[in-house]
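Structure data (mmCIF, C-alpha atoms and all ligand atoms) from model26.cif:
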```
data_data
#
loop_
_atom_site.label_atom_id
_atom_site.label_comp_id
_atom_site.auth_asym_id
_atom_site.auth_seq_id
_atom_site.Cartn_x
_atom_site.Cartn_y
_atom_site.Cartn_z
CA MET X 236 117.65 92.24 48.26
CA ALA X 237 116.65 91.28 44.77
CA ARG X 238 116.97 92.11 41.11
CA ILE X 239 113.47 92.54 39.68
CA ASN X 240 112.85 91.30 36.17
CA LEU X 241 109.65 92.47 34.49
CA ASP X 242 109.34 90.16 31.49
CA HIS X 243 106.81 91.38 28.89
CA ILE X 244 104.26 92.33 31.56
CA ARG X 245 100.83 93.65 30.53
CA HIS X 246 97.67 94.12 32.49
CA ALA X 247 94.02 94.72 31.59
CA TYR X 248 91.22 94.96 34.14
CA THR X 249 88.72 93.82 31.49
CA PRO X 250 88.88 90.09 30.73
CA ALA X 251 88.32 90.42 26.96
CA ALA X 252 91.10 92.94 26.30
CA ARG X 253 92.36 93.05 22.71
CA ALA X 254 93.43 96.52 21.61
CA ALA X 255 96.34 98.36 23.25
CA GLY X 256 93.84 100.85 24.69
CA ASP X 257 92.20 98.05 26.74
CA TYR X 258 95.37 97.64 28.80
CA ALA X 259 95.85 99.77 31.95
CA LEU X 260 99.48 98.68 31.72
CA LYS X 261 100.88 98.29 28.21
CA GLU X 262 103.95 96.13 27.70
CA VAL X 263 106.67 96.61 30.31
CA HIS X 264 109.95 94.79 29.71
CA HIS X 265 112.77 95.86 32.02
CA GLU X 266 115.24 94.58 34.54
CA TRP X 267 115.71 96.60 37.73
CA ASP X 268 119.02 96.33 39.54
CA ASP X 269 119.49 94.68 42.88
CA GLY X 270 119.80 97.50 45.41
CA GLY X 271 118.44 100.19 43.05
CA ALA X 272 116.20 103.04 44.22
CA TYR X 273 113.45 103.44 41.62
CA ALA X 274 110.65 106.00 41.60
CA LEU X 275 107.57 105.35 39.48
CA LEU X 276 106.48 108.83 38.45
CA GLY X 277 103.50 109.93 36.41
CA PRO X 278 100.09 111.58 36.51
CA SER X 279 96.97 110.03 38.02
CA GLY X 280 95.74 106.99 36.09
CA CYS X 281 98.99 106.29 34.19
CA GLY X 282 99.39 102.80 35.71
CA LYS X 283 101.86 103.29 38.59
CA THR X 284 99.78 101.47 41.21
CA THR X 285 98.94 98.71 38.75
CA LEU X 286 102.65 98.06 38.18
CA LEU X 287 103.45 98.29 41.90
CA ASN X 288 100.65 95.85 42.74
CA ILE X 289 102.01 93.40 40.16
CA ILE X 290 105.43 93.60 41.86
CA SER X 291 103.90 93.14 45.31
CA GLY X 292 101.62 90.27 44.25
CA LEU X 293 98.35 92.08 45.00
CA LEU X 294 97.64 91.72 41.29
CA HIS X 295 98.59 88.98 38.84
CA PRO X 296 99.40 90.35 35.36
CA SER X 297 97.26 89.37 32.35
CA ASP X 298 100.48 88.58 30.43
CA GLY X 299 104.16 88.16 31.16
CA ARG X 300 106.30 87.05 34.07
CA ILE X 301 107.92 88.68 37.05
CA GLU X 302 111.09 87.34 38.63
CA PHE X 303 112.97 88.18 41.82
CA ASP X 304 116.63 87.18 41.40
CA GLY X 305 115.71 84.82 38.57
CA VAL X 306 112.92 83.08 40.54
CA ASP X 307 109.49 83.27 38.92
CA VAL X 308 107.08 84.86 41.43
CA THR X 309 104.32 85.75 38.94
CA THR X 310 101.64 83.71 40.68
CA LEU X 311 102.99 83.88 44.24
CA PRO X 312 100.84 85.75 46.77
CA THR X 313 102.23 88.83 48.54
CA GLN X 314 103.09 86.91 51.74
CA ALA X 315 105.34 84.56 49.79
CA ARG X 316 107.36 87.35 48.12
CA ASN X 317 109.27 88.54 51.19
CA ILE X 318 108.69 92.23 50.61
CA ALA X 319 107.85 95.18 52.86
CA GLN X 320 105.18 97.66 51.86
CA VAL X 321 104.30 101.18 52.94
CA PHE X 322 100.97 102.52 51.78
CA GLN X 323 99.56 106.03 51.35
CA PHE X 324 97.67 105.91 54.65
CA PRO X 325 98.99 104.59 57.98
CA VAL X 326 98.54 100.92 58.84
CA VAL X 327 99.34 100.62 62.56
CA TYR X 328 98.15 98.57 65.51
CA ASP X 329 96.46 101.21 67.68
CA THR X 330 96.57 99.20 70.90
CA MET X 331 100.32 98.52 70.66
CA THR X 332 103.02 100.98 71.68
CA VAL X 333 105.08 102.71 69.02
CA TYR X 334 108.01 100.45 69.96
CA ASP X 335 105.96 97.26 69.67
CA ASN X 336 104.54 98.32 66.32
CA LEU X 337 108.08 98.61 64.99
CA ALA X 338 109.23 95.40 66.65
CA PHE X 339 106.28 93.41 65.27
CA PRO X 340 107.73 92.36 61.87
CA LEU X 341 110.96 91.25 63.57
CA ARG X 342 109.33 89.34 66.48
CA ASN X 343 107.07 87.69 63.92
CA ARG X 344 110.22 86.21 62.37
CA HIS X 345 111.68 85.23 65.76
CA VAL X 346 114.56 87.69 65.60
CA PRO X 347 116.42 87.61 68.97
CA GLU X 348 115.19 90.34 71.32
CA ASP X 349 118.58 92.11 71.63
CA GLN X 350 118.69 92.54 67.82
CA VAL X 351 115.06 93.68 67.83
CA ASN X 352 115.96 96.32 70.42
CA LYS X 353 118.97 97.56 68.46
CA ARG X 354 117.13 97.80 65.16
CA VAL X 355 113.94 99.36 66.60
CA ASN X 356 115.99 102.04 68.35
CA GLU X 357 117.81 102.88 65.11
CA ILE X 358 114.47 103.29 63.35
CA LEU X 359 112.97 105.32 66.23
CA ASP X 360 115.88 107.76 65.92
CA MET X 361 115.48 107.93 62.19
CA ILE X 362 111.76 108.73 62.24
CA ASP X 363 112.17 111.02 65.24
CA LEU X 364 109.75 109.12 67.49
CA GLN X 365 112.15 108.05 70.26
CA PRO X 366 110.35 110.17 72.90
CA MET X 367 107.07 108.39 72.07
CA ALA X 368 108.40 104.84 72.03
CA LYS X 369 106.33 103.73 75.02
CA LYS X 370 103.14 105.51 73.98
CA ARG X 371 100.25 103.66 72.43
CA ALA X 372 99.78 104.44 68.74
CA GLN X 373 96.10 105.23 69.34
CA GLY X 374 96.49 108.89 70.34
CA LEU X 375 99.06 109.85 67.72
CA THR X 376 98.49 112.23 64.80
CA ALA X 377 98.11 110.94 61.22
CA ASP X 378 101.66 111.91 60.26
CA GLN X 379 103.14 110.31 63.39
CA LYS X 380 101.23 107.12 62.56
CA GLN X 381 102.52 107.26 58.99
CA LYS X 382 106.05 107.55 60.33
CA ILE X 383 105.45 104.31 62.21
CA SER X 384 104.26 102.69 58.96
CA LEU X 385 107.42 103.91 57.23
CA GLY X 386 109.56 102.62 60.09
CA ARG X 387 107.86 99.22 59.97
CA GLY X 388 108.61 99.05 56.26
CA LEU X 389 112.28 99.72 56.92
CA VAL X 390 112.86 97.64 60.04
CA ARG X 391 113.65 94.27 58.45
CA SER X 392 116.98 93.81 56.74
CA ASP X 393 116.18 90.53 54.93
CA VAL X 394 113.47 91.65 52.48
CA ASN X 395 113.65 91.30 48.68
CA ALA X 396 112.37 94.83 48.18
CA ILE X 397 110.59 97.68 49.92
CA LEU X 398 107.62 99.13 48.04
CA PHE X 399 106.28 102.58 48.84
CA ASP X 400 102.93 103.79 47.47
CA GLU X 401 102.78 107.62 47.84
CA PRO X 402 103.97 107.24 51.46
CA LEU X 403 104.37 110.93 52.26
CA THR X 404 100.88 112.13 51.28
CA VAL X 405 99.74 112.70 54.89
CA ILE X 406 103.09 114.04 56.17
CA ASP X 407 103.46 117.79 56.71
CA PRO X 408 105.69 119.60 54.17
CA HIS X 409 108.75 120.11 56.39
CA MET X 410 108.74 116.53 57.67
CA LYS X 411 108.28 115.34 54.08
CA TRP X 412 111.60 116.93 53.18
CA VAL X 413 113.30 115.40 56.26
CA LEU X 414 111.93 111.90 55.63
CA ARG X 415 112.80 112.01 51.95
CA SER X 416 116.43 112.79 52.75
CA GLN X 417 116.50 110.09 55.45
CA LEU X 418 115.08 107.51 53.06
CA LYS X 419 117.76 108.40 50.55
CA ARG X 420 120.48 108.05 53.19
CA LEU X 421 119.04 104.79 54.41
CA HIS X 422 119.00 103.47 50.88
CA ARG X 423 122.69 104.30 50.47
CA GLN X 424 123.57 102.61 53.77
CA SER X 425 121.41 99.52 53.41
CA GLY X 426 121.37 98.76 49.69
CA PHE X 427 117.68 97.77 49.80
CA THR X 428 115.94 97.52 46.42
CA MET X 429 113.30 100.24 46.74
CA VAL X 430 110.36 101.08 44.49
CA TYR X 431 108.59 104.32 45.28
CA VAL X 432 105.36 105.46 43.61
CA THR X 433 104.63 109.16 43.41
CA HIS X 434 103.10 111.78 41.16
CA ASP X 435 105.36 114.45 42.68
CA GLN X 436 108.50 115.12 40.62
CA THR X 437 110.42 116.62 43.57
CA GLU X 438 109.84 113.47 45.60
CA ALA X 439 110.87 111.25 42.71
CA LEU X 440 113.95 113.23 41.75
CA THR X 441 115.29 113.54 45.31
CA PHE X 442 114.64 109.92 46.27
CA ALA X 443 115.55 107.87 43.22
CA ASP X 444 118.73 106.86 41.42
CA LYS X 445 116.52 105.97 38.48
CA VAL X 446 113.18 107.58 37.77
CA VAL X 447 110.68 105.48 35.82
CA VAL X 448 108.39 107.95 34.04
CA MET X 449 104.98 106.52 33.16
CA TYR X 450 102.38 107.94 30.83
CA ASP X 451 99.18 106.38 29.54
CA GLY X 452 100.01 102.85 30.74
CA GLN X 453 103.57 102.85 29.41
CA ILE X 454 107.04 103.45 30.72
CA VAL X 455 108.23 106.31 28.52
CA GLN X 456 111.71 106.67 30.03
CA ILE X 457 113.89 105.26 32.79
CA GLY X 458 116.76 107.53 33.67
CA THR X 459 118.69 109.50 36.24
CA PRO X 460 117.23 112.90 37.06
CA ALA X 461 119.97 114.49 34.89
CA GLU X 462 119.16 112.24 31.90
CA LEU X 463 115.46 113.08 32.13
CA PHE X 464 116.32 116.75 32.17
CA GLU X 465 118.98 116.76 29.47
CA ARG X 466 117.65 114.14 27.05
CA PRO X 467 113.94 113.50 27.49
CA SER X 468 112.97 110.51 25.32
CA HIS X 469 109.38 111.65 24.94
CA THR X 470 107.69 115.05 24.87
CA PHE X 471 105.70 114.02 27.96
CA VAL X 472 108.94 113.64 29.95
CA GLY X 473 109.97 117.05 28.62
CA TYR X 474 107.03 118.89 30.05
CA PHE X 475 106.34 116.72 33.11
CA ILE X 476 109.90 117.04 34.43
CA GLY X 477 111.16 120.56 35.00
CA SER X 478 109.42 123.73 36.02
CA PRO X 479 108.43 125.17 33.67
CA GLY X 480 108.52 122.13 31.40
CA MET X 481 110.09 121.85 27.96
CA ASN X 482 108.76 124.09 25.15
CA VAL X 483 107.35 121.89 22.38
CA MET X 484 106.38 123.38 19.01
CA PRO X 485 105.36 121.96 15.62
CA ALA X 486 108.26 121.95 13.19
CA LYS X 487 109.17 121.05 9.61
CA ILE X 488 112.54 119.43 8.99
CA SER X 489 114.75 119.61 5.96
CA GLY X 490 118.28 118.26 6.33
CA THR X 491 119.87 120.08 9.25
CA THR X 492 117.27 122.85 9.38
CA ALA X 493 114.10 122.95 11.45
CA THR X 494 111.42 125.47 10.53
CA VAL X 495 109.03 126.75 13.18
CA GLY X 496 106.48 129.18 11.75
CA ASP X 497 108.56 131.41 9.46
CA GLN X 498 111.80 130.94 11.39
CA SER X 499 114.67 128.62 10.42
CA ILE X 500 116.71 126.98 13.16
CA ALA X 501 120.02 125.24 12.47
CA LEU X 502 120.27 121.79 14.03
CA PRO X 503 123.50 120.14 15.23
CA GLY X 504 122.80 117.22 12.84
CA ALA X 505 120.12 115.88 10.50
CA PRO X 506 117.34 113.99 12.36
CA LYS X 507 117.08 110.29 11.47
CA LEU X 508 113.48 110.25 10.34
CA ALA X 509 111.90 106.98 9.23
CA SER X 510 108.65 108.21 7.68
CA GLN X 511 106.30 111.15 7.61
CA SER X 512 105.03 111.76 11.13
CA LYS X 513 104.11 114.52 13.54
CA LEU X 514 107.34 116.46 13.98
CA GLU X 515 108.10 118.75 16.89
CA LEU X 516 111.03 120.74 18.17
CA GLY X 517 111.56 120.68 21.93
CA ILE X 518 113.76 123.01 23.93
CA ARG X 519 113.89 123.54 27.67
CA PRO X 520 113.39 127.13 28.90
CA GLU X 521 116.95 127.05 30.31
CA PHE X 522 118.39 126.65 26.76
CA VAL X 523 116.55 129.61 25.21
CA ARG X 524 118.81 132.71 25.17
CA LEU X 525 117.09 136.08 25.43
CA GLY X 526 118.86 139.15 24.02
CA ARG X 527 118.95 141.70 21.24
CA GLU X 528 119.98 139.31 18.43
CA GLY X 529 118.09 136.43 16.85
CA MET X 530 114.42 135.60 16.29
CA PRO X 531 111.70 137.99 17.47
CA VAL X 532 109.42 137.14 20.43
CA THR X 533 106.63 138.98 22.22
CA ILE X 534 106.85 138.94 26.00
CA SER X 535 103.57 138.64 27.87
CA LYS X 536 104.74 138.24 31.49
CA VAL X 537 107.88 138.08 33.65
CA GLU X 538 107.67 136.03 36.86
CA ASP X 539 110.32 136.61 39.51
CA ILE X 540 110.99 133.34 41.34
CA GLY X 541 114.00 134.40 43.41
CA ARG X 542 117.33 133.50 41.82
CA GLN X 543 115.74 133.32 38.38
CA LYS X 544 113.02 134.90 36.30
CA ILE X 545 110.59 133.04 34.08
CA VAL X 546 109.76 134.99 30.95
CA ARG X 547 106.47 133.99 29.29
CA ALA X 548 106.53 134.85 25.62
CA ARG X 549 105.05 134.03 22.24
CA PHE X 550 107.24 132.82 19.42
CA CYS X 551 105.77 132.16 15.95
CA ASP X 552 102.33 132.10 17.55
CA GLN X 553 103.39 129.44 20.06
CA PRO X 554 103.74 129.89 23.82
CA LEU X 555 107.40 129.91 24.88
CA SER X 556 108.92 129.96 28.38
CA ILE X 557 112.43 131.30 28.93
CA VAL X 558 114.45 131.06 32.15
CA VAL X 559 116.88 133.92 32.77
CA SER X 560 118.95 134.92 35.79
CA GLU X 561 117.38 137.33 38.29
CA ASP X 562 119.61 140.22 37.21
CA ALA X 563 119.07 139.63 33.46
CA ASP X 564 118.13 142.59 31.36
CA ILE X 565 114.79 142.21 29.52
CA PRO X 566 115.27 144.02 26.17
CA THR X 567 112.52 146.27 24.82
CA ASP X 568 112.86 144.62 21.40
CA PRO X 569 113.41 141.06 22.58
CA LYS X 570 115.01 138.39 20.40
CA ILE X 571 115.92 134.78 21.10
CA THR X 572 118.35 132.12 20.00
CA PHE X 573 118.29 128.42 20.85
CA ASP X 574 121.36 126.78 22.36
CA PRO X 575 121.94 123.87 19.91
CA ALA X 576 122.91 121.58 22.83
CA GLY X 577 119.36 121.88 24.18
CA ILE X 578 117.40 121.23 20.97
CA GLY X 579 115.56 117.91 20.60
CA ILE X 580 113.55 116.73 17.60
CA PHE X 581 110.53 114.51 18.29
CA ALA X 582 108.60 112.37 15.80
CA ASP X 583 105.17 111.25 17.01
CA SER X 584 106.26 112.44 20.48
CA TRP X 585 109.42 110.28 20.65
CA ARG X 586 112.93 111.77 20.45
CA VAL X 587 114.83 110.98 17.27
CA GLY X 588 118.61 110.83 17.07
CA LEU X 589 120.62 113.32 15.02
CA GLU X 590 123.22 112.23 12.50
CA GLY X 591 126.77 113.33 12.99
N1 LIG X 601 90.41 97.69 39.95
C1 LIG X 601 90.33 98.33 38.78
N2 LIG X 601 89.36 98.02 37.90
C2 LIG X 601 89.27 98.66 36.70
N3 LIG X 601 90.11 99.64 36.30
C3 LIG X 601 91.09 100.00 37.14
C4 LIG X 601 91.25 99.37 38.43
N4 LIG X 601 92.32 99.93 39.05
C5 LIG X 601 92.80 100.86 38.18
N5 LIG X 601 92.08 100.89 37.06
C6 LIG X 601 92.33 101.75 35.89
O1 LIG X 601 93.64 101.48 35.41
C7 LIG X 601 94.32 102.66 35.01
C8 LIG X 601 95.61 102.80 35.79
O2 LIG X 601 95.29 102.99 37.17
P1 LIG X 601 96.39 103.06 38.32
O3 LIG X 601 95.68 103.14 39.63
O4 LIG X 601 97.39 101.99 38.13
O5 LIG X 601 97.07 104.46 38.01
P2 LIG X 601 97.98 105.38 38.94
O6 LIG X 601 99.00 105.96 38.05
O7 LIG X 601 98.43 104.63 40.12
O8 LIG X 601 96.95 106.51 39.38
P3 LIG X 601 96.78 107.21 40.83
O9 LIG X 601 97.99 108.08 41.01
O10 LIG X 601 95.52 108.01 40.65
O11 LIG X 601 96.67 106.11 41.82
C9 LIG X 601 93.32 103.81 35.26
O12 LIG X 601 92.67 104.09 34.04
C10 LIG X 601 92.35 103.24 36.27
O13 LIG X 601 91.08 103.83 36.13
#
```
Can you turn what I pasted into structure tokens?
Ligand SMILES: Nc1ncnc2c1ncn2[C@@H]1O[C@H](COP(=O)(O)OP(=O)(O)OP(=O)(O)O)[C@@H](O)[C@H]1O
Amino acid sequence: MARINLDHIRHAYTPAARAAGDYALKEVHHEWDDGGAYALLGPSGCGKTTLLNIISGLLHPSDGRIEFDGVDVTTLPTQARNIAQVFQFPVVYDTMTVYDNLAFPLRNRHVPEDQVNKRVNEILDMIDLQPMAKKRAQGLTADQKQKISLGRGLVRSDVNAILFDEPLTVIDPHMKWVLRSQLKRLHRQSGFTMVYVTHDQTEALTFADKVVVMYDGQIVQIGTPAELFERPSHTFVGYFIGSPGMNVMPAKISGTTATVGDQSIALPGAPKLASQSKLELGIRPEFVRLGREGMPVTISKVEDIGRQKIVRARFCDQPLSIVVSEDADIPTDPKITFDPAGIGIFADSWRVGLEG
């Protein structure tokens, strides 16, 4: 397993790149722990695959260096990086049996046959394909084939890292849940360094210890699922993580008071603002309290989602979502307050600290 050091990496697909906007991947400078489970999460086109391909060696970055355990691998081809990869669509040898497909990476490295047998059987149990071990891969369904691809990615125990590129896309929803939990368990048992690309927040949050949120070619935050929820560093993280996402509204700040429309909101401290910039107040729907006291809102819709209700409202001419418990009373003259612990102030989309 390896520690992965991304040292001032940038990548542009156009050779004459100059401006920041020319780069599909803007500067990335991070060190990822040996044995960590990282999910690269973000919308289509934000640069996840570009970063993954730089780690795997399919792509050489325009600038910067990449190291595995302190060894510079920036210009090494994929084969020389000792990694396993699982792609979005199955890559299997149709004429081989399921067993032989899984054994292939081990036999290729001359692992003794008794160890091959032990390891392949462990993986067959894990991906639930033991009954099909002797069948040729040819007649299998797409999700069975993808399970073989996943198994092949996991079968070796001597790799630097395992890279997954949206590996559960073709898997049916129930099996997706099962495989996600198994991957998590396997990560805990094995201590592999894993990097998992997805645009699905549930996949990222259940799989990863650390979620790497990407937006517009940048990493906007690396954090545990709880950190991303409680302290989003960027408004994008606020509304991409969580359902519904964080409420973000334009605000004016004076000392420890934020003003939204004609309403004044007391802050737990004065924001440390450097210069005039676009200022916003962010608050997750779970931290908005609905009752008979506070600031007036107009409710447009109440959605019952089982144990909770989502109240869609307007506050100072801005859309506002509120999460309340399923048995909560919805007042006829609704008012809201903001839990100070849940308020964030953002300048040019980035969270600013509060004094005190
Ligand atoms: N081979 C290429 N040549 C030119 N531009 C590319 C190439 N590959 C990707 N891009 C561009 O680079 C940016 C980042 O793409 P990338 O595939 O890394 O994003 P992504 O987050 O993985 O998206 P998706 O989830 O859709 O795969 C996009 O604007 C994309 O159009």
So which residues are near ligand LIG 601 (chain X), meaning at most 9 Å away with only C-alpha atoms and all ligand atoms counted, given back as a PyMOL selection string?
chain X and resi 246-249+258-260+275-288+400-401+432-434+449-452
Spatial neighbours of Leu463 of chain X, max dist 10 Å, only C-alpha atoms, sep filter under 3 positions, as an MDAnalysis selection string:
chainID X and resid 440 445:448 456:460 466:469 472:473 475:477
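The interatomic distance for the pair atom CA of Thr441 of chain X and atom CA of Ile406 of chain X works out to 16.3 Å.
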What separates atom CA of Leu516 of chain X and atom CA of Glu528 of chain X is a distance of 20.6 Å
So, with all atoms listed in the file as the atoms that count, which of X:Ala372, X:Val355, X:Leu294, X:Leu414 lies closest to Met331 of chain X?
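For Met331 of chain X, the nearest of the given residues is X:Ala372.
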Compile the contact shell of Ile301 of chain X as an MDAnalysis selection string: residues with an atom at most 9 Å away, counting all atoms listed in the file, same-chain residues fewer than 6 positions apart removed.
chainID X and resid 239:244 289:290 307:310
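Taking all atoms listed in the file into account, Pro485 of chain X lies nearest to X:Leu514 out of the set X:Leu403, X:Ile397, X:Leu514, X:Ala251.
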Save N, CA and C atoms of segment 376-389 of chain X from the block above as a PDB file, in the first residue's frame.
```pdb
ATOM      1  N   THR X 376     -24.520 -12.010 -16.937  1.00  0.00           N
ATOM      2  CA  THR X 376     -25.147 -10.695 -17.120  1.00  0.00           C
ATOM      3  C   THR X 376     -24.091  -9.599 -16.893  1.00  0.00           C
ATOM      4  N   ALA X 377     -24.464  -8.357 -17.283  1.00  0.00           N
ATOM      5  CA  ALA X 377     -23.509  -7.240 -17.152  1.00  0.00           C
ATOM      6  C   ALA X 377     -23.108  -7.040 -15.686  1.00  0.00           C
ATOM      7  N   ASP X 378     -24.066  -7.169 -14.761  1.00  0.00           N
ATOM      8  CA  ASP X 378     -23.666  -6.896 -13.367  1.00  0.00           C
ATOM      9  C   ASP X 378     -22.850  -8.046 -12.786  1.00  0.00           C
ATOM     10  N   GLN X 379     -23.093  -9.284 -13.263  1.00  0.00           N
ATOM     11  CA  GLN X 379     -22.227 -10.387 -12.806  1.00  0.00           C
ATOM     12  C   GLN X 379     -20.799 -10.175 -13.335  1.00  0.00           C
ATOM     13  N   LYS X 380     -20.720  -9.736 -14.593  1.00  0.00           N
ATOM     14  CA  LYS X 380     -19.375  -9.488 -15.162  1.00  0.00           C
ATOM     15  C   LYS X 380     -18.662  -8.369 -14.397  1.00  0.00           C
ATOM     16  N   GLN X 381     -19.457  -7.348 -14.009  1.00  0.00           N
ATOM     17  CA  GLN X 381     -18.821  -6.242 -13.287  1.00  0.00           C
ATOM     18  C   GLN X 381     -18.351  -6.706 -11.910  1.00  0.00           C
ATOM     19  N   LYS X 382     -19.065  -7.667 -11.342  1.00  0.00           N
ATOM     20  CA  LYS X 382     -18.610  -8.198 -10.047  1.00  0.00           C
ATOM     21  C   LYS X 382     -17.266  -8.912 -10.225  1.00  0.00           C
ATOM     22  N   ILE X 383     -17.101  -9.569 -11.360  1.00  0.00           N
ATOM     23  CA  ILE X 383     -15.800 -10.213 -11.622  1.00  0.00           C
ATOM     24  C   ILE X 383     -14.701  -9.142 -11.717  1.00  0.00           C
ATOM     25  N   SER X 384     -15.029  -8.040 -12.433  1.00  0.00           N
ATOM     26  CA  SER X 384     -14.035  -6.949 -12.547  1.00  0.00           C
ATOM     27  C   SER X 384     -13.655  -6.413 -11.169  1.00  0.00           C
ATOM     28  N   LEU X 385     -14.673  -6.240 -10.323  1.00  0.00           N
ATOM     29  CA  LEU X 385     -14.410  -5.757  -8.958  1.00  0.00           C
ATOM     30  C   LEU X 385     -13.524  -6.758  -8.218  1.00  0.00           C
ATOM     31  N   GLY X 386     -13.886  -8.027  -8.324  1.00  0.00           N
ATOM     32  CA  GLY X 386     -13.124  -9.083  -7.654  1.00  0.00           C
ATOM     33  C   GLY X 386     -11.684  -9.112  -8.123  1.00  0.00           C
ATOM     34  N   ARG X 387     -11.495  -8.939  -9.450  1.00  0.00           N
ATOM     35  CA  ARG X 387     -10.115  -8.945  -9.973  1.00  0.00           C
ATOM     36  C   ARG X 387      -9.309  -7.771  -9.428  1.00  0.00           C
ATOM     37  N   GLY X 388     -10.017  -6.640  -9.221  1.00  0.00           N
ATOM     38  CA  GLY X 388      -9.331  -5.477  -8.653  1.00  0.00           C
ATOM     39  C   GLY X 388      -8.894  -5.714  -7.218  1.00  0.00           C
ATOM     40  N   LEU X 389      -9.631  -6.588  -6.529  1.00  0.00           N
ATOM     41  CA  LEU X 389      -9.384  -6.769  -5.096  1.00  0.00           C
ATOM     42  C   LEU X 389      -8.517  -7.977  -4.778  1.00  0.00           C
TER      43      LEU X 389
END
```
